Structures are given as structure tokens and as C-alpha cells.
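Containing mmCIF, C-alpha atoms and all ligand atoms: upload-v5.cif.
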data_data
loop_
_atom_site.label_atom_id
_atom_site.label_comp_id
_atom_site.auth_asym_id
_atom_site.auth_seq_id
_atom_site.Cartn_x
_atom_site.Cartn_y
_atom_site.Cartn_z
CA MET T 1 -18.77 15.69 -32.30
CA ALA T 2 -16.76 16.72 -35.34
CA GLU T 3 -18.85 17.88 -38.28
CA THR T 4 -17.80 14.96 -40.49
CA LEU T 5 -20.95 15.25 -42.60
CA ALA T 6 -21.04 19.03 -43.11
CA GLY T 7 -22.81 19.90 -46.37
CA LYS T 8 -24.47 16.47 -46.67
CA VAL T 9 -28.20 15.82 -46.77
CA ALA T 10 -29.53 12.76 -44.91
CA LEU T 11 -32.93 11.15 -45.16
CA VAL T 12 -33.88 8.92 -42.22
CA THR T 13 -37.01 6.75 -42.33
CA GLY T 14 -38.75 5.80 -39.09
CA ALA T 15 -37.10 8.89 -37.63
CA ALA T 16 -39.92 10.20 -35.45
CA GLN T 17 -38.78 8.22 -32.40
CA GLY T 18 -36.37 5.63 -31.04
CA ILE T 19 -33.25 4.67 -32.97
CA GLY T 20 -34.35 6.60 -36.07
CA ALA T 21 -34.71 9.81 -34.07
CA ALA T 22 -31.29 9.17 -32.46
CA CYS T 23 -29.83 8.79 -35.97
CA ALA T 24 -31.42 12.10 -36.99
CA TRP T 25 -29.84 13.80 -33.94
CA ALA T 26 -26.41 12.24 -34.51
CA LEU T 27 -26.41 13.08 -38.22
CA THR T 28 -27.44 16.65 -37.38
CA ASN T 29 -24.63 16.91 -34.84
CA ALA T 30 -22.26 15.65 -37.54
CA GLY T 31 -23.32 18.58 -39.73
CA ALA T 32 -25.87 17.02 -42.11
CA ALA T 33 -29.23 18.55 -43.03
CA ILE T 34 -31.98 16.06 -42.17
CA VAL T 35 -35.26 14.80 -43.56
CA VAL T 36 -37.19 13.21 -40.69
CA ALA T 37 -39.47 10.76 -42.51
CA ASP T 38 -42.09 8.67 -40.73
CA LEU T 39 -45.52 7.12 -41.08
CA ASN T 40 -46.50 9.25 -38.11
CA GLY T 41 -46.33 12.70 -39.68
CA ALA T 42 -47.17 14.62 -36.49
CA ALA T 43 -44.44 12.86 -34.50
CA ALA T 44 -41.98 13.46 -37.35
CA GLN T 45 -42.88 17.17 -37.25
CA ALA T 46 -42.27 17.26 -33.49
CA THR T 47 -38.86 15.55 -33.82
CA ALA T 48 -37.78 17.87 -36.64
CA ALA T 49 -38.91 20.90 -34.61
CA GLN T 50 -36.91 19.71 -31.57
CA LEU T 51 -33.83 19.22 -33.77
CA VAL T 52 -34.08 22.70 -35.20
CA ALA T 53 -34.73 24.26 -31.79
CA ALA T 54 -31.88 22.46 -30.00
CA THR T 55 -29.17 22.63 -32.65
CA ALA T 56 -28.14 25.04 -35.34
CA GLY T 57 -29.16 22.24 -37.69
CA CYS T 58 -31.52 22.14 -40.58
CA ALA T 59 -34.35 19.56 -40.46
CA VAL T 60 -37.68 19.04 -42.18
CA ALA T 61 -40.36 16.44 -41.55
CA MET T 62 -42.06 14.39 -44.25
CA GLN T 63 -44.87 11.88 -43.80
CA CYS T 64 -44.37 8.59 -45.66
CA ASP T 65 -45.42 4.96 -45.56
CA VAL T 66 -42.28 3.25 -46.85
CA ALA T 67 -44.29 0.14 -47.75
CA ASP T 68 -45.78 2.15 -50.63
CA THR T 69 -43.42 2.52 -53.62
CA ALA T 70 -45.03 5.71 -54.88
CA GLN T 71 -44.67 7.32 -51.45
CA CYS T 72 -40.98 6.34 -51.29
CA GLU T 73 -40.35 7.87 -54.69
CA ALA T 74 -42.25 11.02 -53.74
CA LEU T 75 -40.29 11.22 -50.47
CA VAL T 76 -36.89 11.13 -52.17
CA GLY T 77 -38.14 13.56 -54.83
CA GLU T 78 -39.43 16.02 -52.21
CA ALA T 79 -36.24 15.73 -50.16
CA ALA T 80 -34.09 16.42 -53.24
CA LEU T 81 -36.34 19.34 -54.18
CA HIS T 82 -36.09 20.82 -50.69
CA PHE T 83 -32.33 20.44 -50.17
CA GLY T 84 -31.05 20.13 -53.76
CA ARG T 85 -29.73 16.59 -53.30
CA VAL T 86 -29.75 13.61 -50.92
CA ASP T 87 -26.41 12.01 -49.95
CA ILE T 88 -27.38 9.65 -47.15
CA LEU T 89 -30.31 7.29 -46.58
CA VAL T 90 -30.90 5.51 -43.29
CA ASN T 91 -33.59 2.84 -43.54
CA CYS T 92 -34.80 2.53 -39.97
CA ALA T 93 -38.59 2.10 -40.32
CA ALA T 94 -39.74 -1.34 -39.21
CA VAL T 95 -42.57 -3.08 -37.41
CA VAL T 96 -42.45 -6.16 -35.23
CA ALA T 97 -45.03 -8.93 -34.96
CA MET T 98 -44.09 -10.49 -31.62
CA LYS T 99 -46.19 -13.67 -31.70
CA PRO T 100 -45.59 -17.40 -31.62
CA ALA T 101 -45.27 -18.76 -35.16
CA LEU T 102 -48.47 -20.77 -34.74
CA GLU T 103 -50.39 -17.53 -34.14
CA LEU T 104 -48.70 -15.47 -36.86
CA ALA T 105 -51.24 -14.36 -39.46
CA VAL T 106 -50.25 -13.98 -43.10
CA ALA T 107 -51.08 -10.29 -42.76
CA ASP T 108 -48.57 -9.97 -39.87
CA TRP T 109 -45.85 -11.57 -42.00
CA GLU T 110 -46.70 -9.39 -44.98
CA ARG T 111 -46.62 -6.12 -43.03
CA VAL T 112 -43.29 -6.93 -41.35
CA PHE T 113 -41.73 -7.63 -44.75
CA ALA T 114 -43.54 -4.77 -46.53
CA VAL T 115 -42.17 -2.16 -44.11
CA GLY T 116 -38.82 -3.63 -43.08
CA VAL T 117 -37.62 -5.20 -46.33
CA TYR T 118 -39.62 -3.92 -49.27
CA GLY T 119 -39.77 -0.42 -47.74
CA ALA T 120 -35.99 -0.35 -47.39
CA PHE T 121 -35.64 -1.57 -50.97
CA ALA T 122 -38.09 0.95 -52.44
CA ALA T 123 -36.49 3.86 -50.56
CA SER T 124 -32.99 2.66 -51.52
CA ARG T 125 -33.87 2.34 -55.18
CA ALA T 126 -35.44 5.81 -55.31
CA PHE T 127 -32.36 7.18 -53.49
CA ALA T 128 -29.97 5.41 -55.90
CA GLU T 129 -31.86 6.63 -58.96
CA ALA T 130 -31.64 10.22 -57.70
CA ALA T 131 -27.94 9.90 -56.81
CA ILE T 132 -27.08 8.38 -60.20
CA ALA T 133 -29.10 11.06 -62.03
CA GLY T 134 -27.36 13.74 -59.92
CA GLY T 135 -23.94 12.30 -60.79
CA HIS T 136 -22.92 11.86 -57.15
CA GLY T 137 -22.47 8.87 -54.88
CA GLY T 138 -23.99 8.28 -51.50
CA ALA T 139 -24.25 6.09 -48.44
CA ILE T 140 -27.13 3.88 -47.37
CA VAL T 141 -27.33 2.34 -43.90
CA ASN T 142 -30.00 -0.24 -43.15
CA ILE T 143 -30.95 -0.79 -39.53
CA SER T 144 -30.92 -4.54 -39.12
CA SER T 145 -30.93 -6.52 -35.87
CA ILE T 146 -28.97 -9.26 -34.14
CA THR T 147 -32.11 -11.37 -34.61
CA ALA T 148 -30.97 -11.89 -38.22
CA GLN T 149 -28.22 -14.09 -36.73
CA GLN T 150 -29.64 -15.27 -33.41
CA SER T 151 -33.39 -15.44 -33.15
CA ALA T 152 -35.68 -15.72 -30.16
CA HIS T 153 -39.17 -17.02 -29.54
CA GLY T 154 -41.96 -15.00 -31.14
CA ARG T 155 -39.77 -13.32 -33.77
CA THR T 156 -40.18 -15.60 -36.82
CA ALA T 157 -41.27 -12.92 -39.30
CA TYR T 158 -39.13 -10.15 -37.81
CA ALA T 159 -35.93 -12.23 -37.68
CA ALA T 160 -36.49 -13.48 -41.24
CA SER T 161 -37.07 -9.90 -42.40
CA LYS T 162 -33.78 -8.75 -40.84
CA ALA T 163 -31.91 -11.67 -42.45
CA ALA T 164 -33.42 -10.60 -45.79
CA LEU T 165 -32.34 -7.01 -45.10
CA ASP T 166 -28.74 -8.16 -44.46
CA SER T 167 -28.76 -10.10 -47.71
CA MET T 168 -30.21 -7.14 -49.61
CA THR T 169 -27.49 -4.92 -48.11
CA ARG T 170 -24.82 -7.09 -49.73
CA SER T 171 -26.63 -7.33 -53.09
CA LEU T 172 -27.22 -3.58 -53.40
CA ALA T 173 -23.61 -2.88 -52.32
CA LEU T 174 -22.42 -4.98 -55.26
CA GLU T 175 -24.77 -3.44 -57.80
CA TRP T 176 -24.27 0.18 -56.81
CA ALA T 177 -20.54 0.27 -56.03
CA GLU T 178 -19.88 1.46 -59.58
CA TYR T 179 -22.00 4.56 -58.85
CA GLY T 180 -20.10 5.36 -55.66
CA ILE T 181 -23.03 4.34 -53.50
CA ARG T 182 -21.98 2.37 -50.43
CA VAL T 183 -24.57 0.16 -48.73
CA ASN T 184 -24.06 -1.14 -45.19
CA ALA T 185 -26.14 -2.18 -42.22
CA VAL T 186 -25.96 -1.78 -38.47
CA ALA T 187 -27.33 -4.64 -36.37
CA PRO T 188 -28.23 -3.49 -32.87
CA SER T 189 -28.89 -5.71 -29.91
CA HIS T 190 -31.61 -4.71 -27.43
CA THR T 191 -31.68 -0.93 -27.42
CA ALA T 192 -33.36 1.20 -24.76
CA THR T 193 -36.17 2.68 -26.86
CA ASP T 194 -39.82 3.11 -25.89
CA ARG T 195 -40.67 0.04 -27.95
CA LEU T 196 -38.30 -2.12 -25.90
CA LYS T 197 -39.53 -0.62 -22.63
CA GLN T 198 -43.13 -1.37 -23.63
CA ALA T 199 -42.25 -4.99 -24.42
CA ILE T 200 -40.61 -5.33 -20.99
CA ASP T 201 -43.53 -3.64 -19.21
CA ALA T 202 -45.95 -5.96 -21.03
CA GLY T 203 -43.96 -8.98 -19.80
CA LYS T 204 -42.95 -10.01 -23.32
CA LEU T 205 -39.26 -9.64 -22.48
CA GLU T 206 -37.36 -10.06 -19.23
CA GLN T 207 -34.62 -7.46 -18.82
CA ALA T 208 -32.43 -9.32 -16.30
CA THR T 209 -32.31 -12.48 -18.43
CA ILE T 210 -31.37 -10.56 -21.57
CA VAL T 211 -28.73 -8.41 -19.90
CA GLN T 212 -27.09 -11.53 -18.44
CA ARG T 213 -26.51 -12.67 -22.03
CA ILE T 214 -24.76 -9.40 -23.06
CA PRO T 215 -21.00 -9.35 -22.26
CA LEU T 216 -21.00 -5.56 -21.75
CA GLY T 217 -23.87 -6.08 -19.31
CA ARG T 218 -26.52 -3.60 -20.42
CA PHE T 219 -28.90 -2.52 -23.17
CA ALA T 220 -27.53 -0.23 -25.91
CA GLU T 221 -28.47 3.44 -25.88
CA PRO T 222 -30.06 4.65 -29.15
CA SER T 223 -27.18 7.15 -29.51
CA GLU T 224 -24.68 4.27 -29.56
CA ILE T 225 -26.42 2.77 -32.58
CA ALA T 226 -26.58 6.22 -34.19
CA ASP T 227 -22.83 6.77 -33.70
CA ALA T 228 -22.12 3.63 -35.78
CA VAL T 229 -24.52 4.90 -38.46
CA VAL T 230 -22.69 8.24 -38.63
CA PHE T 231 -19.37 6.41 -38.97
CA LEU T 232 -20.65 4.27 -41.85
CA CYS T 233 -21.95 7.40 -43.62
CA SER T 234 -18.68 9.28 -43.16
CA GLU T 235 -15.52 9.59 -45.21
CA GLN T 236 -13.78 7.43 -42.58
CA ALA T 237 -15.81 4.47 -43.93
CA ARG T 238 -15.11 5.22 -47.61
CA PHE T 239 -13.82 1.69 -48.34
CA ILE T 240 -16.53 -0.14 -46.39
CA THR T 241 -19.51 -1.50 -48.29
CA GLY T 242 -21.73 -4.58 -48.09
CA GLN T 243 -21.09 -5.03 -44.37
CA VAL T 244 -23.37 -5.65 -41.42
CA LEU T 245 -21.84 -4.12 -38.29
CA ALA T 246 -23.15 -5.60 -35.04
CA VAL T 247 -23.45 -2.96 -32.32
CA ASP T 248 -24.39 -5.37 -29.60
CA GLY T 249 -22.13 -5.21 -26.56
CA GLY T 250 -20.70 -8.58 -27.59
CA TYR T 251 -24.07 -10.38 -27.77
CA THR T 252 -23.38 -12.21 -31.04
CA ALA T 253 -19.81 -13.05 -30.01
CA ASN T 254 -21.19 -14.90 -27.01
CA GLY T 255 -21.32 -18.60 -27.83
CA GLY T 256 -23.44 -19.29 -24.77
CA TRP T 257 -20.74 -21.11 -22.81
CA ILE T 258 -21.08 -20.80 -19.09
CA ALA T 259 -18.49 -18.26 -17.97
CA LEU T 260 -15.90 -19.28 -15.41
CA PRO T 261 -15.59 -16.82 -12.54
CA ALA T 262 -12.81 -14.32 -13.24
CA LYS T 263 -10.86 -15.58 -10.17
CA VAL T 264 -10.76 -19.16 -11.56
CA GLU T 265 -9.71 -17.86 -14.98
CA ARG T 266 -6.83 -15.92 -13.34
CA GLU T 267 -5.67 -18.92 -11.31
CA ARG T 268 -5.60 -21.07 -14.42
CA GLY T 269 -3.49 -18.39 -16.12
N1 LIG O 1 -35.07 -1.16 -30.10
C1 LIG O 1 -34.38 -2.28 -30.25
O1 LIG O 1 -34.09 -2.99 -29.27
C2 LIG O 1 -33.90 -2.72 -31.60
C3 LIG O 1 -32.98 -3.76 -31.67
C4 LIG O 1 -32.53 -4.16 -32.93
C5 LIG O 1 -32.98 -3.54 -34.07
N2 LIG O 1 -33.89 -2.52 -33.97
C6 LIG O 1 -34.32 -1.88 -35.21
O2 LIG O 1 -34.11 -0.49 -35.10
C7 LIG O 1 -35.11 0.20 -35.83
C8 LIG O 1 -35.85 1.18 -34.95
O3 LIG O 1 -36.31 0.50 -33.79
P1 LIG O 1 -37.03 1.31 -32.61
O4 LIG O 1 -36.97 0.45 -31.42
O5 LIG O 1 -36.49 2.70 -32.56
O6 LIG O 1 -38.52 1.29 -33.17
P2 LIG O 1 -39.78 2.25 -32.94
O7 LIG O 1 -40.97 1.39 -33.09
O8 LIG O 1 -39.60 3.02 -31.67
O9 LIG O 1 -39.69 3.26 -34.15
C9 LIG O 1 -39.99 2.86 -35.46
C10 LIG O 1 -40.47 4.07 -36.23
O10 LIG O 1 -40.80 3.62 -37.56
C11 LIG O 1 -42.00 4.23 -37.94
N3 LIG O 1 -42.68 3.41 -38.95
C12 LIG O 1 -43.35 2.25 -38.76
N4 LIG O 1 -43.89 1.84 -39.92
C13 LIG O 1 -43.53 2.74 -40.86
C14 LIG O 1 -43.79 2.87 -42.26
N5 LIG O 1 -44.54 1.96 -42.89
N6 LIG O 1 -43.26 3.92 -42.92
C15 LIG O 1 -42.53 4.85 -42.26
N7 LIG O 1 -42.27 4.80 -40.95
C16 LIG O 1 -42.76 3.75 -40.25
C17 LIG O 1 -42.82 4.34 -36.66
O11 LIG O 1 -43.86 5.31 -36.76
C18 LIG O 1 -41.73 4.71 -35.65
O12 LIG O 1 -41.56 6.11 -35.55
C19 LIG O 1 -36.01 -0.86 -36.45
O13 LIG O 1 -35.55 -1.17 -37.74
C20 LIG O 1 -35.79 -2.04 -35.52
O14 LIG O 1 -36.07 -3.26 -36.14
C21 LIG O 1 -34.36 -2.10 -32.76
#
The structure in this file should be written as C-alpha cells.
Amino acid sequence: MAETLAGKVALVTGAAQGIGAACAWALTNAGAAIVVADLNGAAAQATAAQLVAATAGCAVAMQCDVADTAQCEALVGEAALHFGRVDILVNCAAVVAMKPALELAVADWERVFAVGVYGAFAASRAFAEAAIAGGHGGAIVNISSITAQQSAHGRTAYAASKAALDSMTRSLALEWAEYGIRVNAVAPSHTATDRLKQAIDAGKLEQATIVQRIPLGRFAEPSEIADAVVFLCSEQARFITGQVLAVDGGYTANGGWIALPAKVERERG
């Protein structure tokens, strides 16, 4: 991949595993120096070490609970101290409470929003303050989900949190455009991470039923989500802000109509 982000510094939250780790790899391959931030400090260390060992890239790990404002501010401060500045923030940290609404505890709802919405806000604000003070712009990408648009059973808090994240993406894009800070989101469909595999193994999701609903006929790979993130952070996306880009194999374009067999479609012209 071309080094479209050479000289940039990127901070990725929830980067120890899954889509966040894929973003860290893709941003590294695009030439950025990386802060691998995660609640799980040991796993973040391991991911950063793998990045450094496998690429010529520069990565450090930092432990952080994004639901805590002070920790978000300290994270951005430490990242800026280590690398001199931070140009890119990817808000990927999130938790899911996969339960029927009738069983959803207030604490479940609060944690989903604290990590996925408030955490993204607190990290974004700390990032924006540092970028404004440093006199440079930046790019923020929030990792949303297609559930913001099309929910499913057992996702009440999670889907609502992703809808809030999409809305926040637009609001922050408006407020921070004057500082040269672009704010966008990527909304993945089902992506082949350990978390998804665990949900399938536990019988909470049925792979064949989901895949049938996806026009491109498969789950996304984490790297495919990360490629969209790199694009939104790059100079190629310089006039894009306030957008939510679905990376979903056509899932949200699918209105749910029963498809006619291709042969019938051809005969009808
Ligand atoms: N996997 C999918 O199918 C899918 C689909 C759509 C959207 N997403 C979104 O993509 C993102 C990543 O998903 P994933 O499947 O890779 O998840 P994951 O659970 O594998 O990884 C999430 C990471 O976030 C970290 N984390 C959790 N709470 C945190 C906190 N308070 N502070 C800092 N880090 C914290 C975890 O330790 C973990 O490393 C999430 O925002 C998720 O909602 C995933």
C-alpha cells in the first residue's frame, strides 16, 4: 500500500484486537506512527510489539479506559508527548450488551454508552483541543455499525449507541471544520473478528442466515474496514467530513425484497 500517511501520528482506541488492531496495521502500512490504546494494556502491548516486529513501523501501546475523561485526556497528552503531535484519531473501542430489551439492566445500557459514545466524545475532544493548540488540523474516524440504521433483536442499547455516534460525527464535523479537523465514521456490517466468531459459536448469531442477507455474500474482513478508515484519514478524503460510510457488502442497500433468480431477470430484460 502507498504510504499516504507518512509522517502522520495515529491514535487508535480499542486497538488491541479485532477491527481496531486491523486499523492499527493498515495505518502503519500507510506510513503513520501508531498509538495502540486499549483497556487491555497487555493485549495492546502485544499488538504494538507485533506491529513493530513485522513492519518498519513505529508503534507504542497505552492502557486507557475511554469511558473515563481523565484517562482520555492523559492518553492524548501522552501520545502527543511521545510523538510530538497526533494527527489521526480512530474511535474503535466499544462494548456490546447482547440481550433482549426486557433483560437489559440500566448498568448494561450505561456501559455501552459510556464506552461507545461518551468515550468517543471524550477522546475526540481531547484530540481536538491538542490539534487546535498545536495549530494543525486532523482526521477523526468513528467506528459505527450498520445497526445504527438497521437493528436486530438483542441490540437495543448497542444500536442506539451507534445511532448516537453517527449523530455526534455530524455535529463534531460542523463544529471543528473551521480548525481543519474532519470527522467521519465507518459503519461495518458483520466483520470476521473473534467477537463475531464467539457470538456465532455461542449460538447468538446464525452465520448462514446473515450471509444470505448480504449481497456480496460474506462477512467483511477486518482489513476491509481498516482500508476505508485509511482512506477517510488520507489526503484523498480532504473534502469529506460529517459522513458515515457503510462498508457492508451492500447490506444496507438491501431492501429485503425477495430476489428473482438471475435467469428470470435476464429473460425479462
Ligand atoms: N465485528 C463486527 O462484526 C462489527 C460490526 C460493526 C461494527 N463493529 C464495531 O467495530 C468496533 C470493533 O469491533 P470488534 O469486533 O473488533 O470488537 P472487539 O470486542 O474484538 O474489540 C474491541 C476492543 O475494544 C477494547 N475496549 C473495550 N472497552 C474499552 C474501553 N472502555 N476503553 C478502551 N478500550 C476498550 C477491548 O479491550 C477490545 O480490544 C466496535 O466499535 C464495534 O462496535 C464491529
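Compared by their closest atoms to ligand LIG 1 (chain O), and using all atoms listed in the file, the residues T:Tyr158, T:Trp257, T:Trp176, T:Phe121 rank with T:Tyr158 nearest.
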Problem - Spatial neighbours of segment 205-222 of chain T, max dist 7 Å, only C-alpha atoms, sep filter under 4 positions, as JSON, numbers by chain - result: {"T": [18, 19, 22, 189, 190, 191, 192, 193, 199, 200, 226, 249, 250, 251]}
With C-alpha atoms kept, could you save the residues just selected as a compact mmCIF listing (two decimals), in the coordinates of the input?
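Contents of the output file out-v2.txt:
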# COMPACT_ATOMS: atom_id res chain seq x y z
CA GLY T 18 -36.37 5.63 -31.04
CA ILE T 19 -33.25 4.67 -32.97
CA ALA T 22 -31.29 9.17 -32.46
CA SER T 189 -28.89 -5.71 -29.91
CA HIS T 190 -31.61 -4.71 -27.43
CA THR T 191 -31.68 -0.93 -27.42
CA ALA T 192 -33.36 1.20 -24.76
CA THR T 193 -36.17 2.68 -26.86
CA ALA T 199 -42.25 -4.99 -24.42
CA ILE T 200 -40.61 -5.33 -20.99
CA ALA T 226 -26.58 6.22 -34.19
CA GLY T 249 -22.13 -5.21 -26.56
CA GLY T 250 -20.70 -8.58 -27.59
CA TYR T 251 -24.07 -10.38 -27.77
Practice task
May I have the residues within 7 Å of ligand LIG 1 (chain O), computed using all atoms listed in the file, as a ChimeraX atom specification?
Solution key: /T:13-20,37-40,64-67,92-95,115-116,143-146,187-196
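Residue nearest Thr241 of chain T within the list T:Ala120, T:Ala21, T:Leu174, T:Val229: T:Leu174 [criterion: smallest interatomic distance, all atoms listed in the file].
Reported to one decimal place, the separation of atom CA of Ile181 of chain T from atom CA of Val141 of chain T is 10.7 Å.
Here the question is which of T:Met62, T:Val244, T:Ala164, T:Ala53 gets nearest to Gly41 of chain T using only C-alpha atoms, and that residue is T:Met62.
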Problem - Computed interatomic separation between atom CA of Ser223 of chain T and atom CA of Ala139 of chain T (Å) - result: 19.2 Å
Wanna dump the segment 144-210 of chain T-segment 82-89 of chain T contacts at 12 Å for me, each residue with its shortest atom pair and the distance in Å to one decimal, counting only C-alpha atoms, ordered by chain and number, as a Markdown table?
| residue | atom | partner | partner_atom | distance |
| --- | --- | --- | --- | --- |
| T:Gly180 | CA | T:Asp87 | CA | 10.8 |
| T:Ile181 | CA | T:Asp87 | CA | 9.1 |
| T:Arg182 | CA | T:Ile88 | CA | 9.6 |
| T:Val183 | CA | T:Leu89 | CA | 9.4 |
| T:Asn184 | CA | T:Leu89 | CA | 10.6 |
| T:Ala185 | CA | T:Leu89 | CA | 11.2 |
Go ahead and save the residues from that selection, with C-alpha atoms, as an mmCIF file, in the coordinates of the input.
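Done, and the output landed in part34.cif:
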data_model
loop_
_atom_site.group_PDB
_atom_site.id
_atom_site.type_symbol
_atom_site.label_atom_id
_atom_site.label_comp_id
_atom_site.auth_asym_id
_atom_site.auth_seq_id
_atom_site.Cartn_x
_atom_site.Cartn_y
_atom_site.Cartn_z
ATOM 1 C CA GLY T 180 -20.100 5.360 -55.660
ATOM 2 C CA ILE T 181 -23.030 4.340 -53.500
ATOM 3 C CA ARG T 182 -21.980 2.370 -50.430
ATOM 4 C CA VAL T 183 -24.570 0.160 -48.730
ATOM 5 C CA ASN T 184 -24.060 -1.140 -45.190
ATOM 6 C CA ALA T 185 -26.140 -2.180 -42.220
#
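For the atom pair formed by atom CA of Gly242 of chain T and atom CA of Tyr179 of chain T, the distance is 14.1 Å, given to one decimal.
Proximity of T:Met168, T:Leu5, T:Leu245, T:Ala177 to Ile132 of chain T, computed with all atoms listed in the file, is greatest for T:Ala177.
The smallest atom-to-atom distance between Asn29 of chain T and any of T:Ala152, T:Ala114, T:Val230, T:Ala133, using only C-alpha atoms, is found for T:Val230.
If you measure from each of T:Trp25, T:Tyr118, T:Phe231, T:Trp109 to Val96 of chain T using all atoms listed in the file, the closest one turns out to be T:Trp109.
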Practice task
For Asp108 of chain T, please output as a PyMOL selection string all residues within 9 Å (counting only C-alpha atoms; exclusion window: fewer than 5 positions along the same chain).
Solution key: chain T and resi 96-97+113+157
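Near Gly31 of chain T, within a cut-off of 7 Å and counting all atoms listed in the file, sit the residues Glu3, Thr4, Leu5, Ala6, Gly7, Leu27 and Thr28 of chain T, with same-chain residues fewer than 3 positions away left out.
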Using C-alpha atoms, can you write the selected residues to a file as an mmCIF file, keeping the file's coordinate frame?
data_model
loop_
_atom_site.group_PDB
_atom_site.id
_atom_site.type_symbol
_atom_site.label_atom_id
_atom_site.label_comp_id
_atom_site.auth_asym_id
_atom_site.auth_seq_id
_atom_site.Cartn_x
_atom_site.Cartn_y
_atom_site.Cartn_z
ATOM 1 C CA GLU T 3 -18.850 17.880 -38.280
ATOM 2 C CA THR T 4 -17.800 14.960 -40.490
ATOM 3 C CA LEU T 5 -20.950 15.250 -42.600
ATOM 4 C CA ALA T 6 -21.040 19.030 -43.110
ATOM 5 C CA GLY T 7 -22.810 19.900 -46.370
ATOM 6 C CA LEU T 27 -26.410 13.080 -38.220
ATOM 7 C CA THR T 28 -27.440 16.650 -37.380
#
